>>> print(open('entry.cif').read())   # mmCIF, C-alpha atoms
data_coords
#
loop_
_atom_site.group_PDB
_atom_site.id
_atom_site.type_symbol
_atom_site.label_atom_id
_atom_site.label_comp_id
_atom_site.auth_asym_id
_atom_site.auth_seq_id
_atom_site.Cartn_x
_atom_site.Cartn_y
_atom_site.Cartn_z
ATOM 1 C CA MET A 1 68.465 136.211 141.799
ATOM 2 C CA GLY A 2 64.863 137.350 142.256
ATOM 3 C CA SER A 3 65.457 140.375 140.047
ATOM 4 C CA LEU A 4 66.991 138.179 137.346
ATOM 5 C CA ARG A 5 64.007 135.799 137.465
ATOM 6 C CA SER A 6 61.632 138.721 137.080
ATOM 7 C CA LYS A 7 63.560 140.112 134.116
ATOM 8 C CA ILE A 8 63.650 136.721 132.383
ATOM 9 C CA THR A 9 59.940 136.125 133.008
ATOM 10 C CA SER A 10 59.135 139.573 131.633
ATOM 11 C CA ARG A 11 61.149 138.864 128.494
ATOM 12 C CA TRP A 12 59.333 135.547 128.019
ATOM 13 C CA CYS A 13 55.894 137.093 128.560
ATOM 14 C CA ALA A 14 56.757 139.759 126.008
ATOM 15 C CA GLY A 15 57.687 137.102 123.438
ATOM 16 C CA ARG A 16 61.372 138.036 123.472
ATOM 17 C CA MET A 17 62.507 134.598 124.654
ATOM 18 C CA SER A 18 61.661 131.146 123.332
ATOM 19 C CA ASN A 19 59.759 128.611 125.419
ATOM 20 C CA PHE A 20 62.791 126.332 125.326
ATOM 21 C CA GLU A 21 65.085 129.047 126.694
ATOM 22 C CA TYR A 22 62.624 129.979 129.431
ATOM 23 C CA LEU A 23 62.230 126.370 130.566
ATOM 24 C CA MET A 24 65.997 125.995 130.726
ATOM 25 C CA PHE A 25 66.214 129.094 132.939
ATOM 26 C CA LEU A 26 63.476 127.763 135.210
ATOM 27 C CA ASN A 27 65.308 124.450 135.533
ATOM 28 C CA MET A 28 68.481 126.339 136.433
ATOM 29 C CA PHE A 29 66.685 128.435 139.060
ATOM 30 C CA ALA A 30 65.226 125.205 140.501
ATOM 31 C CA GLY A 31 68.721 123.760 140.914
ATOM 32 C CA ARG A 32 68.395 121.338 138.018
ATOM 33 C CA THR A 33 71.513 120.736 135.954
ATOM 34 C CA TYR A 34 72.985 118.435 133.304
ATOM 35 C CA ASN A 35 75.703 117.615 135.844
ATOM 36 C CA ASP A 36 73.334 115.774 138.199
ATOM 37 C CA LEU A 37 71.209 112.871 136.946
ATOM 38 C CA THR A 38 69.060 113.066 140.077
ATOM 39 C CA GLN A 39 68.215 116.731 139.364
ATOM 40 C CA TYR A 40 68.289 116.675 135.570
ATOM 41 C CA PRO A 41 66.370 119.363 133.629
ATOM 42 C CA VAL A 42 62.741 118.381 133.087
ATOM 43 C CA PHE A 43 60.602 119.268 130.059
ATOM 44 C CA PRO A 44 56.963 118.490 129.268
ATOM 45 C CA TRP A 45 55.397 116.111 126.837
ATOM 46 C CA VAL A 46 53.740 118.666 124.549
ATOM 47 C CA LEU A 47 52.138 116.428 121.918
ATOM 48 C CA SER A 48 49.628 113.625 122.396
ATOM 49 C CA ASP A 49 49.414 112.323 118.806
ATOM 50 C CA TYR A 50 52.110 109.765 118.086
ATOM 51 C CA SER A 51 50.117 107.585 115.669
ATOM 52 C CA SER A 52 49.063 109.783 112.731
ATOM 53 C CA GLU A 53 50.831 109.746 109.378
ATOM 54 C CA GLU A 54 50.818 113.550 109.340
ATOM 55 C CA ILE A 55 50.487 116.111 112.115
ATOM 56 C CA ASP A 56 48.979 119.591 111.990
ATOM 57 C CA LEU A 57 50.485 121.783 114.696
ATOM 58 C CA ASN A 58 47.649 124.269 114.210
ATOM 59 C CA ASP A 59 45.187 121.657 115.493
ATOM 60 C CA PRO A 60 44.751 121.939 119.301
ATOM 61 C CA SER A 61 43.689 118.280 119.521
ATOM 62 C CA VAL A 62 47.240 117.040 118.836
ATOM 63 C CA TYR A 63 48.548 118.623 122.044
ATOM 64 C CA ARG A 64 48.728 117.283 125.580
ATOM 65 C CA ASP A 65 46.654 119.032 128.248
ATOM 66 C CA LEU A 66 49.316 121.095 129.996
ATOM 67 C CA SER A 67 47.017 121.978 132.895
ATOM 68 C CA LYS A 68 47.209 118.422 134.250
ATOM 69 C CA PRO A 69 50.132 116.338 135.507
ATOM 70 C CA MET A 70 50.863 113.139 133.594
ATOM 71 C CA GLY A 71 49.026 111.074 136.193
ATOM 72 C CA ALA A 72 45.769 112.943 135.563
ATOM 73 C CA LEU A 73 45.691 112.663 131.764
ATOM 74 C CA GLY A 74 44.133 109.204 131.390
ATOM 75 C CA GLU A 75 40.790 109.355 133.219
ATOM 76 C CA SER A 76 40.542 105.661 134.116
ATOM 77 C CA ARG A 77 44.062 105.634 135.534
ATOM 78 C CA ALA A 78 43.484 108.963 137.294
ATOM 79 C CA GLU A 79 40.475 107.414 139.019
ATOM 80 C CA GLN A 80 42.674 104.580 140.279
ATOM 81 C CA PHE A 81 45.115 107.140 141.684
ATOM 82 C CA ARG A 82 42.263 108.928 143.460
ATOM 83 C CA GLU A 83 40.968 105.670 144.898
ATOM 84 C CA ARG A 84 44.424 104.795 146.209
ATOM 85 C CA PHE A 85 44.771 108.197 147.850
ATOM 86 C CA GLU A 86 41.367 107.896 149.520
ATOM 87 C CA ALA A 87 42.112 104.363 150.727
ATOM 88 C CA LEU A 88 45.457 105.415 152.203
ATOM 89 C CA ALA A 89 43.829 108.424 153.848
ATOM 90 C CA ALA A 90 41.104 106.251 155.361
ATOM 91 C CA TYR A 91 43.534 103.769 156.917
ATOM 92 C CA SER A 92 46.273 106.190 157.953
ATOM 93 C CA ASN A 93 46.534 106.881 161.672
ATOM 94 C CA GLY A 94 48.446 110.078 160.975
ATOM 95 C CA VAL A 95 51.336 109.114 163.255
ATOM 96 C CA ASP A 96 53.248 106.013 162.200
ATOM 97 C CA ASP A 97 51.856 105.647 158.685
ATOM 98 C CA PRO A 98 53.211 107.663 155.762
ATOM 99 C CA PRO A 99 50.893 110.390 154.457
ATOM 100 C CA PRO A 100 48.498 109.385 151.655
ATOM 101 C CA PHE A 101 49.723 109.952 148.103
ATOM 102 C CA HIS A 102 48.479 109.715 144.530
ATOM 103 C CA TYR A 103 51.680 108.642 142.778
ATOM 104 C CA GLY A 104 54.275 106.254 144.096
ATOM 105 C CA THR A 105 56.805 107.577 141.583
ATOM 106 C CA HIS A 106 58.079 110.899 140.247
ATOM 107 C CA TYR A 107 58.041 112.827 136.966
ATOM 108 C CA SER A 108 61.858 112.867 136.841
ATOM 109 C CA CYS A 109 64.683 110.797 138.322
ATOM 110 C CA SER A 110 68.090 109.467 137.325
ATOM 111 C CA GLY A 111 66.617 106.185 136.093
ATOM 112 C CA TYR A 112 64.299 108.015 133.688
ATOM 113 C CA VAL A 113 67.178 110.111 132.324
ATOM 114 C CA LEU A 114 69.212 106.973 131.639
ATOM 115 C CA TYR A 115 66.112 105.317 130.148
ATOM 116 C CA TYR A 116 65.959 108.052 127.518
ATOM 117 C CA LEU A 117 69.715 108.460 126.938
ATOM 118 C CA MET A 118 70.912 104.842 127.051
ATOM 119 C CA ARG A 119 72.061 104.943 123.406
ATOM 120 C CA LEU A 120 74.553 107.746 124.077
ATOM 121 C CA GLU A 121 77.811 107.632 125.998
ATOM 122 C CA PRO A 122 78.543 108.204 128.833
ATOM 123 C CA TYR A 123 74.919 107.448 129.703
ATOM 124 C CA SER A 124 75.177 103.972 128.190
ATOM 125 C CA ARG A 125 77.779 102.826 130.704
ATOM 126 C CA LEU A 126 75.843 104.519 133.505
ATOM 127 C CA ALA A 127 72.737 102.596 132.444
ATOM 128 C CA LEU A 128 74.809 99.402 132.519
ATOM 129 C CA ALA A 129 76.095 100.219 135.998
ATOM 130 C CA LEU A 130 72.538 100.862 137.195
ATOM 131 C CA GLN A 131 71.492 97.372 136.048
ATOM 132 C CA GLY A 132 74.509 95.488 137.396
ATOM 133 C CA GLY A 133 76.539 95.380 134.193
ATOM 134 C CA ARG A 134 73.852 94.649 131.633
ATOM 135 C CA PHE A 135 71.029 96.599 130.056
ATOM 136 C CA ASP A 136 67.532 96.208 131.453
ATOM 137 C CA LYS A 137 65.097 93.714 129.914
ATOM 138 C CA ALA A 138 64.331 94.673 126.313
ATOM 139 C CA ASP A 139 60.610 95.154 126.984
ATOM 140 C CA ARG A 140 61.414 97.788 129.616
ATOM 141 C CA LEU A 141 63.837 99.801 127.466
ATOM 142 C CA PHE A 142 63.079 103.031 125.614
ATOM 143 C CA ARG A 143 62.197 101.583 122.222
ATOM 144 C CA SER A 144 59.176 103.552 121.034
ATOM 145 C CA VAL A 145 58.060 107.153 121.524
ATOM 146 C CA ALA A 146 54.401 106.166 121.169
ATOM 147 C CA SER A 147 54.556 103.327 123.697
ATOM 148 C CA SER A 148 56.459 105.529 126.164
ATOM 149 C CA TRP A 149 53.743 108.183 125.834
ATOM 150 C CA ARG A 150 50.975 105.638 126.400
ATOM 151 C CA SER A 151 52.770 104.230 129.426
ATOM 152 C CA ALA A 152 53.307 107.632 131.026
ATOM 153 C CA SER A 153 49.915 109.120 130.168
ATOM 154 C CA GLU A 154 47.409 106.312 130.661
ATOM 155 C CA GLU A 155 48.560 102.710 130.949
ATOM 156 C CA ASN A 156 51.124 102.274 133.724
ATOM 157 C CA LEU A 157 50.357 103.087 137.364
ATOM 158 C CA GLN A 158 54.102 103.275 138.033
ATOM 159 C CA ASP A 159 54.927 105.711 135.230
ATOM 160 C CA VAL A 160 54.176 109.449 135.221
ATOM 161 C CA ARG A 161 57.485 110.583 133.711
ATOM 162 C CA GLU A 162 57.954 113.771 131.734
ATOM 163 C CA LEU A 163 60.651 114.434 129.108
ATOM 164 C CA ILE A 164 64.207 115.754 129.049
ATOM 165 C CA PRO A 165 65.520 118.706 126.972
ATOM 166 C CA GLU A 166 67.183 116.424 124.409
ATOM 167 C CA PHE A 167 63.770 115.675 122.878
ATOM 168 C CA PHE A 168 63.844 119.216 121.510
ATOM 169 C CA TYR A 169 67.354 119.553 120.093
ATOM 170 C CA LEU A 170 69.373 116.293 120.005
ATOM 171 C CA PRO A 171 68.250 113.692 117.423
ATOM 172 C CA GLU A 172 71.333 111.545 118.063
ATOM 173 C CA PHE A 173 69.911 110.113 121.290
ATOM 174 C CA LEU A 174 67.222 108.330 119.264
ATOM 175 C CA SER A 175 69.669 106.294 117.162
ATOM 176 C CA ASN A 176 71.745 103.332 118.277
ATOM 177 C CA SER A 177 74.838 104.575 116.435
ATOM 178 C CA ASN A 178 77.100 102.653 118.834
ATOM 179 C CA TYR A 179 75.317 99.395 117.955
ATOM 180 C CA PHE A 180 74.692 98.296 121.507
ATOM 181 C CA ASP A 181 73.044 94.912 121.876
ATOM 182 C CA PHE A 182 69.803 95.644 123.717
ATOM 183 C CA GLY A 183 68.382 92.178 123.112
ATOM 184 C CA ASN A 184 64.936 91.162 121.905
ATOM 185 C CA THR A 185 61.501 91.752 123.380
ATOM 186 C CA GLN A 186 59.287 88.872 124.498
ATOM 187 C CA ALA A 187 57.698 89.076 121.058
ATOM 188 C CA GLY A 188 61.112 88.458 119.491
ATOM 189 C CA VAL A 189 61.547 92.005 118.190
ATOM 190 C CA PRO A 190 65.120 93.328 118.434
ATOM 191 C CA VAL A 191 65.601 96.703 120.136
ATOM 192 C CA HIS A 192 67.802 99.061 118.118
ATOM 193 C CA ASP A 193 66.864 102.643 117.166
ATOM 194 C CA VAL A 194 63.877 104.279 118.859
ATOM 195 C CA GLU A 195 60.662 103.731 116.914
ATOM 196 C CA LEU A 196 59.381 107.162 115.901
ATOM 197 C CA PRO A 197 55.823 108.365 115.234
ATOM 198 C CA PRO A 198 54.657 107.883 111.621
ATOM 199 C CA TRP A 199 54.673 111.648 111.059
ATOM 200 C CA ALA A 200 58.445 111.706 111.653
ATOM 201 C CA LYS A 201 58.936 109.459 108.597
ATOM 202 C CA GLY A 202 61.677 107.502 110.362
ATOM 203 C CA ASP A 203 63.891 110.597 110.610
ATOM 204 C CA PRO A 204 65.126 111.529 114.119
ATOM 205 C CA GLN A 205 65.959 115.048 112.945
ATOM 206 C CA LYS A 206 62.427 115.558 111.673
ATOM 207 C CA PHE A 207 60.999 114.231 114.926
ATOM 208 C CA VAL A 208 63.067 116.633 117.026
ATOM 209 C CA MET A 209 62.309 119.530 114.673
ATOM 210 C CA ILE A 210 58.533 118.956 114.866
ATOM 211 C CA ASN A 211 58.688 118.466 118.629
ATOM 212 C CA ARG A 212 60.560 121.766 118.940
ATOM 213 C CA MET A 213 58.079 123.504 116.643
ATOM 214 C CA ALA A 214 55.262 122.167 118.835
ATOM 215 C CA LEU A 215 56.998 123.500 121.955
ATOM 216 C CA GLU A 216 57.239 126.953 120.372
ATOM 217 C CA SER A 217 53.725 126.876 118.889
ATOM 218 C CA GLU A 218 51.053 129.427 119.708
ATOM 219 C CA HIS A 219 48.972 126.787 121.495
ATOM 220 C CA VAL A 220 51.792 125.753 123.827
ATOM 221 C CA SER A 221 52.853 129.367 124.374
ATOM 222 C CA LYS A 222 49.341 130.134 125.632
ATOM 223 C CA ASN A 223 49.219 127.120 127.965
ATOM 224 C CA LEU A 224 52.786 126.442 129.083
ATOM 225 C CA HIS A 225 52.372 128.517 132.252
ATOM 226 C CA LYS A 226 49.902 125.893 133.516
ATOM 227 C CA TRP A 227 52.558 123.167 133.350
ATOM 228 C CA ILE A 228 55.132 125.521 134.873
ATOM 229 C CA ASP A 229 52.829 126.020 137.864
ATOM 230 C CA LEU A 230 52.626 122.242 138.287
ATOM 231 C CA ILE A 231 56.378 121.624 138.186
ATOM 232 C CA PHE A 232 57.989 124.831 139.427
ATOM 233 C CA GLY A 233 55.132 126.916 140.807
ATOM 234 C CA TYR A 234 52.401 127.035 143.395
ATOM 235 C CA LYS A 235 50.652 123.823 142.250
ATOM 236 C CA GLN A 236 53.636 121.555 142.755
#
>>> encode(input="entry.cif", output="structure tokens")
Amino acid sequence: MGSLRSKITSRWCAGRMSNFEYLMFLNMFAGRTYNDLTQYPVFPWVLSDYSSEEIDLNDPSVYRDLSKPMGALGESRAEQFRERFEALAAYSNGVDDPPPFHYGTHYSCSGYVLYYLMRLEPYSRLALALQGGRFDKADRLFRSVASSWRSASEENLQDVRELIPEFFYLPEFLSNSNYFDFGNTQAGVPVHDVELPPWAKGDPQKFVMINRMALESEHVSKNLHKWIDLIFGYKQ
């Protein structure tokens, strides 16, 4: 297995394997699989601009900082995480108390996978089973790429989730083609298809294509190893 990992890494470093393929291999070596929602393959958010009408993938400013985990991207929220860690460390007796921590949640879990894939079967019925036979409250559902990014990168202390591979090859998961009734938000807005960034022009295929192009871009290729170290490597 070690020899195979070395060969695959060498191929990737030499540019003979795509970033997507390499991440899938790393997930496999880490024991992650499509067959287990609790150990589902994990992929990074690679873009940070989900509000512009157009996007230039040659502009480094449109990309997420891959050297930091999601919890460290928004500075004000990161400071709150640091304060919590220091407070827990100060009051921990080191015996009965749990060790201090920054995040009380994870970057990947079965609930996050179902959050993203709730519009597709069989994940729809699994999402229903998770919530006791009905979908979660509309305001908590995956309804907007931009709002999900803001939640995970800066707004929500309980959300540091990353992405799943489908964001880079499967546009169908963004459309409510089965016409599930997800209800209305507190503002009275019905939840149906996922709201896409303006630069996707309302087209799930275009969104996935641009996201995949971003993943394979020169900028991400030069920085992806930093995220790999965080998730699979020595910084985890």
>>> atom_distance(input="entry.cif", atom1="CA of Glu155 (chain A)", atom2="CA of Ala214 (chain A)")
23.9 Å
>>> atom_distance(input="entry.cif", atom1="CA of Lys68 (chain A)", atom2="CA of Leu23 (chain A)")
17.4 Å
>>> resolve_selection(input="entry.cif", expression="the PyMOL selection byres ((chain A and resi 150) around 12)", output="JSON, numbers by chain")
{"A": [45, 47, 48, 49, 50, 51, 64, 70, 71, 73, 74, 77, 144, 145, 146, 147, 148, 149, 151, 152, 153, 154, 155, 156, 157, 159, 160, 161, 162]}
>>> resolve_selection(input="entry.cif", expression="the PyMOL selection byres ((chain A and resi 232) around 10)", output="ChimeraX atom specification")
/A:23,26-27,29-30,225,227-231,233-236
>>> residues_around(input="entry.cif", residues="Glu121 (chain A)", least_positions_apart="2", cutoff="12 Å", atoms="all atoms listed in the file", output="list in words")
Leu114, Tyr116, Leu117, Met118, Arg119, Tyr123, Ser124, Arg125, Leu126, Ala127, Leu128, Glu172, Phe173, Asn176, Ser177, Asn178, Tyr179 and Phe180 of chain A
>>> resolve_selection(input="entry.cif", expression="the PyMOL selection byres ((chain A and resi 57) around 9)", output="list in words")
Ile55, Asp56, Asn58, Asp59, Pro60, Val62, Tyr63, Ile210, Met213, Ala214, Ser217 and His219 of chain A
>>> residues_around(input="entry.cif", residues="Ile164 (chain A)", least_positions_apart="2", cutoff="8 Å", atoms="only C-alpha atoms", output="list in words")
Tyr40, Pro41, Val42, Phe43, Pro44, Val113, Glu162, Glu166 and Phe167 of chain A
>>> atom_distance(input="entry.cif", atom1="CA of Leu174 (chain A)", atom2="CA of Leu66 (chain A)")
24.5 Å
>>> closest_residue(input="entry.cif", among="A:Cys13, A:Val191, A:Ser110, A:Phe101", to="Ala89 (chain A)", atoms="all atoms listed in the file")
A:Phe101
>>> axis_aligned_box(input="entry.cif", around="region 59-64 of chain A", padding_each_side="3 Å", output="lines of an AutoDock Vina configuration file")
center_x = 46.2
center_y = 119.5
center_z = 120.5
size_x = 11.0
size_y = 10.9
size_z = 16.1
>>> closest_residue(input="entry.cif", among="A:Leu196, A:Leu215, A:Leu130, A:Leu170", to="Tyr115 (chain A)", atoms="all atoms listed in the file")
A:Leu130
>>> residues_around(input="entry.cif", residues="Ser18 (chain A)", least_positions_apart="3", cutoff="12 Å", atoms="only C-alpha atoms", output="VMD selection string")
chain A and resid 8 to 9 11 to 15 21 to 25 212 to 218 220 to 221 224
>>> residues_around(input="entry.cif", residues="Arg143 (chain A)", least_positions_apart="5", cutoff="7 Å", atoms="only C-alpha atoms", output="list in words")
Val191, Asp193, Val194 and Glu195 of chain A
>>> write_last_selection(input="entry.cif", atoms="C-alpha atoms", output="PDB file, keeping the file's coordinate frame")
ATOM      1  CA  VAL A 191      65.601  96.703 120.136  1.00  0.00           C
ATOM      2  CA  ASP A 193      66.864 102.643 117.166  1.00  0.00           C
ATOM      3  CA  VAL A 194      63.877 104.279 118.859  1.00  0.00           C
ATOM      4  CA  GLU A 195      60.662 103.731 116.914  1.00  0.00           C
TER       5      GLU A 195
END
>>> residues_around(input="entry.cif", residues="Tyr169 (chain A)", least_positions_apart="4", cutoff="10 Å", atoms="only C-alpha atoms", output="list in words")
Phe20, Pro165, Phe173, Gln205, Phe207, Val208, Met209, Asn211 and Arg212 of chain A
>>> decode(input="entry.cif", residues="region 26-93 of chain A", atoms="C-alpha atoms", output="tab-separated table (two decimals), in the first residue's frame")
chain	number	residue	atom	x	y	z
A	26	LEU	CA	-6.26	10.00	-0.66
A	27	ASN	CA	-9.83	9.52	0.56
A	28	MET	CA	-9.60	5.84	-0.33
A	29	PHE	CA	-6.28	5.43	1.50
A	30	ALA	CA	-7.85	7.15	4.53
A	31	GLY	CA	-10.67	4.59	4.57
A	32	ARG	CA	-13.28	6.99	3.22
A	33	THR	CA	-15.86	5.53	0.87
A	34	TYR	CA	-19.19	6.29	-0.80
A	35	ASN	CA	-20.55	3.22	1.00
A	36	ASP	CA	-20.28	4.80	4.47
A	37	LEU	CA	-21.96	8.14	5.22
A	38	THR	CA	-19.92	8.47	8.40
A	39	GLN	CA	-16.65	8.18	6.43
A	40	TYR	CA	-17.73	9.80	3.17
A	41	PRO	CA	-15.07	11.28	0.85
A	42	VAL	CA	-14.23	14.87	1.79
A	43	PHE	CA	-13.23	17.64	-0.63
A	44	PRO	CA	-12.28	21.27	0.01
A	45	TRP	CA	-14.12	24.47	-0.63
A	46	VAL	CA	-11.78	25.94	-3.26
A	47	LEU	CA	-13.54	29.21	-4.12
A	48	SER	CA	-14.49	32.06	-1.82
A	49	ASP	CA	-16.41	34.27	-4.28
A	50	TYR	CA	-20.05	33.27	-4.52
A	51	SER	CA	-21.51	36.75	-5.11
A	52	SER	CA	-19.94	38.12	-8.31
A	53	GLU	CA	-21.73	38.14	-11.65
A	54	GLU	CA	-18.58	36.82	-13.33
A	55	ILE	CA	-15.56	34.97	-11.97
A	56	ASP	CA	-11.97	35.04	-13.18
A	57	LEU	CA	-10.19	31.83	-12.21
A	58	ASN	CA	-6.85	33.50	-12.95
A	59	ASP	CA	-7.46	35.90	-10.05
A	60	PRO	CA	-6.01	34.50	-6.78
A	61	SER	CA	-8.45	36.58	-4.72
A	62	VAL	CA	-11.42	34.38	-5.72
A	63	TYR	CA	-9.91	31.34	-4.00
A	64	ARG	CA	-10.18	30.12	-0.43
A	65	ASP	CA	-7.00	30.04	1.67
A	66	LEU	CA	-6.15	26.35	1.56
A	67	SER	CA	-3.52	26.67	4.29
A	68	LYS	CA	-6.20	27.18	6.94
A	69	PRO	CA	-9.04	24.95	8.14
A	70	MET	CA	-12.56	26.32	7.69
A	71	GLY	CA	-12.67	27.43	11.31
A	72	ALA	CA	-9.68	29.74	10.84
A	73	LEU	CA	-10.87	31.56	7.71
A	74	GLY	CA	-13.06	34.24	9.31
A	75	GLU	CA	-10.80	36.15	11.72
A	76	SER	CA	-13.50	37.27	14.16
A	77	ARG	CA	-14.89	33.75	14.44
A	78	ALA	CA	-11.39	32.28	14.67
A	79	GLU	CA	-10.73	34.56	17.63
A	80	GLN	CA	-13.83	33.20	19.35
A	81	PHE	CA	-12.55	29.66	18.79
A	82	ARG	CA	-9.19	30.60	20.31
A	83	GLU	CA	-10.87	32.20	23.31
A	84	ARG	CA	-12.96	29.08	23.89
A	85	PHE	CA	-9.88	26.87	23.73
A	86	GLU	CA	-8.01	29.06	26.21
A	87	ALA	CA	-10.98	29.17	28.58
A	88	LEU	CA	-11.38	25.39	28.50
A	89	ALA	CA	-7.65	24.95	29.04
A	90	ALA	CA	-7.70	27.31	32.02
A	91	TYR	CA	-10.55	25.50	33.78
A	92	SER	CA	-9.63	21.92	32.88
A	93	ASN	CA	-8.20	19.84	35.71
